[in-house]
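Report on one structure; see the data block that follows.
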Amino acid sequence: GRYWHLWKHGQEGRDWLAKALRLVETEMQAAHADGSTWEPEEIKLHAQLLFRAGVLETSSAASARLLAQSVQHYRTLQDQRALARCLQELALAVSDLGESEQAKAYFTEGLAYARRINDPWCLARSLIGLAGLHLEAANPQLGVQLAEEALAIYRQQQDGHSTASAMTVVACGHLALGRYQQAAALLEEVLVLRRIFNPERKGSPWASRLLGLVEQMQGNYGRAVEYYRRSLLLRQEEQQIAGMAWALEGLVEVMVILGQPVRAAHLGGAAERLRQQVGSVITADDLPRYEQAIHQACEELGEVRFQVAWATGAALTVDQIITYALADPTNA
């Protein structure tokens, strides 16, 4: 599972893990047809397969189901380190489904296990997760505080990749607080770190998406479009459907501002279909701004024209979506 995750062979990994799960479950059912309980090593193997399959799964709902089963196994085994890691991934999955309070509970439980076993990596990961949830819940001060605690841990561990991720969350907090220059400076540093620690990668889709929003909020719409498109392409390479939708939603907002409601509706319809495909929802901090843009596009076009344009966008394939988004002239 780790090989496929690292090298972005997601579909191949999902296929092999699905086969392995079916094989193990079939063998276990046969071995315990008499009602006997599974041995600890059997439970551990099943838990590991469920965990890896859950991490690679693109559907948030399916991921949550797999990871919840893995958590149950690790509770049985009383494996605190594995529980901490699995709870973190489960929190991310249910967060994508819009279940913020449940995600917060899972991250908090994972944080408690991480402190108990004194695992810096697990501790920082839970702090970052909680920071993100507090940012979504319009509590940026606490979000920045938690993210900075995680950032200090990653720097102490000399983990460049995770340091960049924590810096991105801190930048989210500055962005929410209207500190655009501080957010931009951190995000530009993130892009530099990504190039240093992963030169094969073409950039950071997350940082690029946030830089797009920074530019948008400062009225630099041409620059915003460039960053949103860059994020979209990187997410496509990663086969990260929810991330593609997030990038498209940024483009929707800018298209409305630039007086292009038809294109905004096309892109909005495409983004909605992608989110429905994986069971993802727009985060609470983005939703009011996005809904305002959609409402404005609908008013400018009229209900009938808007619905037609929306349905047209929803019918596009992924390749057509990318082509359309990149071909969109902004004249900005």
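As shown in the structure tokens, the chain order sets the letters A, B, ...; within each chain, residues go from 1, and ligands are also counted from 1 in the order they appear.
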#### Entry: Residues near Ala53 of chain A, cut-off 8 Å, only C-alpha atoms, skip fewer than 5 positions along chain, as a PyMOL selection string
chain A and resi 1+13-14+17-18+63+66
Could those selected residues go to a file with all heavy atoms, as a PDB file, in the first residue's frame?
ATOM      1  N   GLY A   1       0.817  -1.200   0.000  1.00  0.00           N
ATOM      2  CA  GLY A   1       0.000   0.000   0.000  1.00  0.00           C
ATOM      3  C   GLY A   1       0.854   1.254   0.000  1.00  0.00           C
ATOM      4  O   GLY A   1       0.573   2.211  -0.703  1.00  0.00           O
ATOM      5  N   GLY A  13      -2.962   0.232  -6.873  1.00  0.00           N
ATOM      6  CA  GLY A  13      -2.932  -0.112  -5.457  1.00  0.00           C
ATOM      7  C   GLY A  13      -4.293  -0.523  -4.939  1.00  0.00           C
ATOM      8  O   GLY A  13      -4.415  -1.507  -4.193  1.00  0.00           O
ATOM      9  N   ARG A  14      -5.316   0.228  -5.329  1.00  0.00           N
ATOM     10  CA  ARG A  14      -6.681  -0.118  -4.883  1.00  0.00           C
ATOM     11  C   ARG A  14      -7.081  -1.500  -5.376  1.00  0.00           C
ATOM     12  O   ARG A  14      -7.692  -2.289  -4.640  1.00  0.00           O
ATOM     13  CB  ARG A  14      -7.669   0.945  -5.371  1.00  0.00           C
ATOM     14  CG  ARG A  14      -7.582   2.253  -4.611  1.00  0.00           C
ATOM     15  CD  ARG A  14      -8.711   3.200  -4.972  1.00  0.00           C
ATOM     16  NE  ARG A  14      -8.574   3.711  -6.330  1.00  0.00           N
ATOM     17  CZ  ARG A  14      -7.834   4.767  -6.666  1.00  0.00           C
ATOM     18  NH1 ARG A  14      -7.144   5.406  -5.737  1.00  0.00           N
ATOM     19  NH2 ARG A  14      -7.786   5.201  -7.912  1.00  0.00           N
ATOM     20  N   LEU A  17      -5.083  -4.220  -3.398  1.00  0.00           N
ATOM     21  CA  LEU A  17      -5.531  -4.304  -2.005  1.00  0.00           C
ATOM     22  C   LEU A  17      -6.931  -4.904  -1.905  1.00  0.00           C
ATOM     23  O   LEU A  17      -7.228  -5.638  -0.961  1.00  0.00           O
ATOM     24  CB  LEU A  17      -5.499  -2.914  -1.366  1.00  0.00           C
ATOM     25  CG  LEU A  17      -4.092  -2.427  -0.993  1.00  0.00           C
ATOM     26  CD1 LEU A  17      -4.107  -0.940  -0.678  1.00  0.00           C
ATOM     27  CD2 LEU A  17      -3.548  -3.203   0.203  1.00  0.00           C
ATOM     28  N   ALA A  18      -7.786  -4.601  -2.876  1.00  0.00           N
ATOM     29  CA  ALA A  18      -9.127  -5.200  -2.881  1.00  0.00           C
ATOM     30  C   ALA A  18      -9.024  -6.721  -3.026  1.00  0.00           C
ATOM     31  O   ALA A  18      -9.732  -7.481  -2.351  1.00  0.00           O
ATOM     32  CB  ALA A  18      -9.968  -4.610  -4.012  1.00  0.00           C
ATOM     33  N   SER A  63     -13.704   5.208   2.033  1.00  0.00           N
ATOM     34  CA  SER A  63     -12.501   5.311   2.864  1.00  0.00           C
ATOM     35  C   SER A  63     -12.859   5.275   4.342  1.00  0.00           C
ATOM     36  O   SER A  63     -12.217   4.572   5.131  1.00  0.00           O
ATOM     37  CB  SER A  63     -11.758   6.612   2.540  1.00  0.00           C
ATOM     38  OG  SER A  63     -10.651   6.787   3.391  1.00  0.00           O
ATOM     39  N   LEU A  66     -13.784   1.672   5.493  1.00  0.00           N
ATOM     40  CA  LEU A  66     -12.611   0.806   5.630  1.00  0.00           C
ATOM     41  C   LEU A  66     -11.792   1.166   6.864  1.00  0.00           C
ATOM     42  O   LEU A  66     -11.367   0.291   7.632  1.00  0.00           O
ATOM     43  CB  LEU A  66     -11.740   0.921   4.376  1.00  0.00           C
ATOM     44  CG  LEU A  66     -12.333   0.333   3.093  1.00  0.00           C
ATOM     45  CD1 LEU A  66     -11.566   0.847   1.875  1.00  0.00           C
ATOM     46  CD2 LEU A  66     -12.290  -1.193   3.125  1.00  0.00           C
TER      47      LEU A  66
END
### Message
So that I can check the secondary structure, give me every residue of segment 6-215 of chain A assigned helix (DSSP H, G or I) by backbone DSSP, as a ChimeraX atom specification.
### Response
/A:6,10-31,40-56,60-77,80-96,100-117,120-136,140-156,160-176,180-197,205-215
#### Entry: Residue contacts of segment 148-152 of chain A (12 Å, only C-alpha atoms) excluding same-chain residues fewer than 5 positions away, as a PyMOL selection string
chain A and resi 111+120-132+140-143+157-174
### For segment 257-261 of chain A: contacts at 7 Å, only C-alpha atoms, fewer than 6 positions along chain excluded, given as a list in words
Ala297, Glu300 and Leu301 of chain A
## Note on the structure
What separates atom CA of Leu49 of chain A and atom CA of Gln236 of chain A is a distance of 26.0 Å
Once you count only C-alpha atoms, what closest atom pair and distance in Å to one decimal does each residue of segment 134-229 of chain A within 9 Å of segment 311-331 of chain A have, with rows by chain and rising residue number, as JSON lines?
{"residue": "A:Tyr221", "atom": "CA", "partner": "A:Thr330", "partner_atom": "CA", "distance": 8.2}
{"residue": "A:Gly222", "atom": "CA", "partner": "A:Thr330", "partner_atom": "CA", "distance": 6.8}
{"residue": "A:Val225", "atom": "CA", "partner": "A:Thr330", "partner_atom": "CA", "distance": 8.0}
{"residue": "A:Arg229", "atom": "CA", "partner": "A:Leu326", "partner_atom": "CA", "distance": 6.6}
### Task
Rounded to one decimal place, report the atom CA of Ala138 of chain A-atom CA of Ala93 of chain A distance in Å.
20.4 Å
### Summary
Among A:Phe306, A:Glu101, A:Val71, A:Arg81, Ala114 of chain A is approached most closely, using only C-alpha atoms, by A:Arg81
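Considering the residues A:Gln216, A:Asn118, A:Gln307, A:Thr26 and counting only C-alpha atoms, Ile153 of chain A has its shortest atom-to-atom contact with A:Asn118.
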### Task
Kindly give the distance, in Å, that separates atom CA of Leu211 of chain A and atom CA of Ala183 of chain A, rounded to a single decimal.
8.2 Å
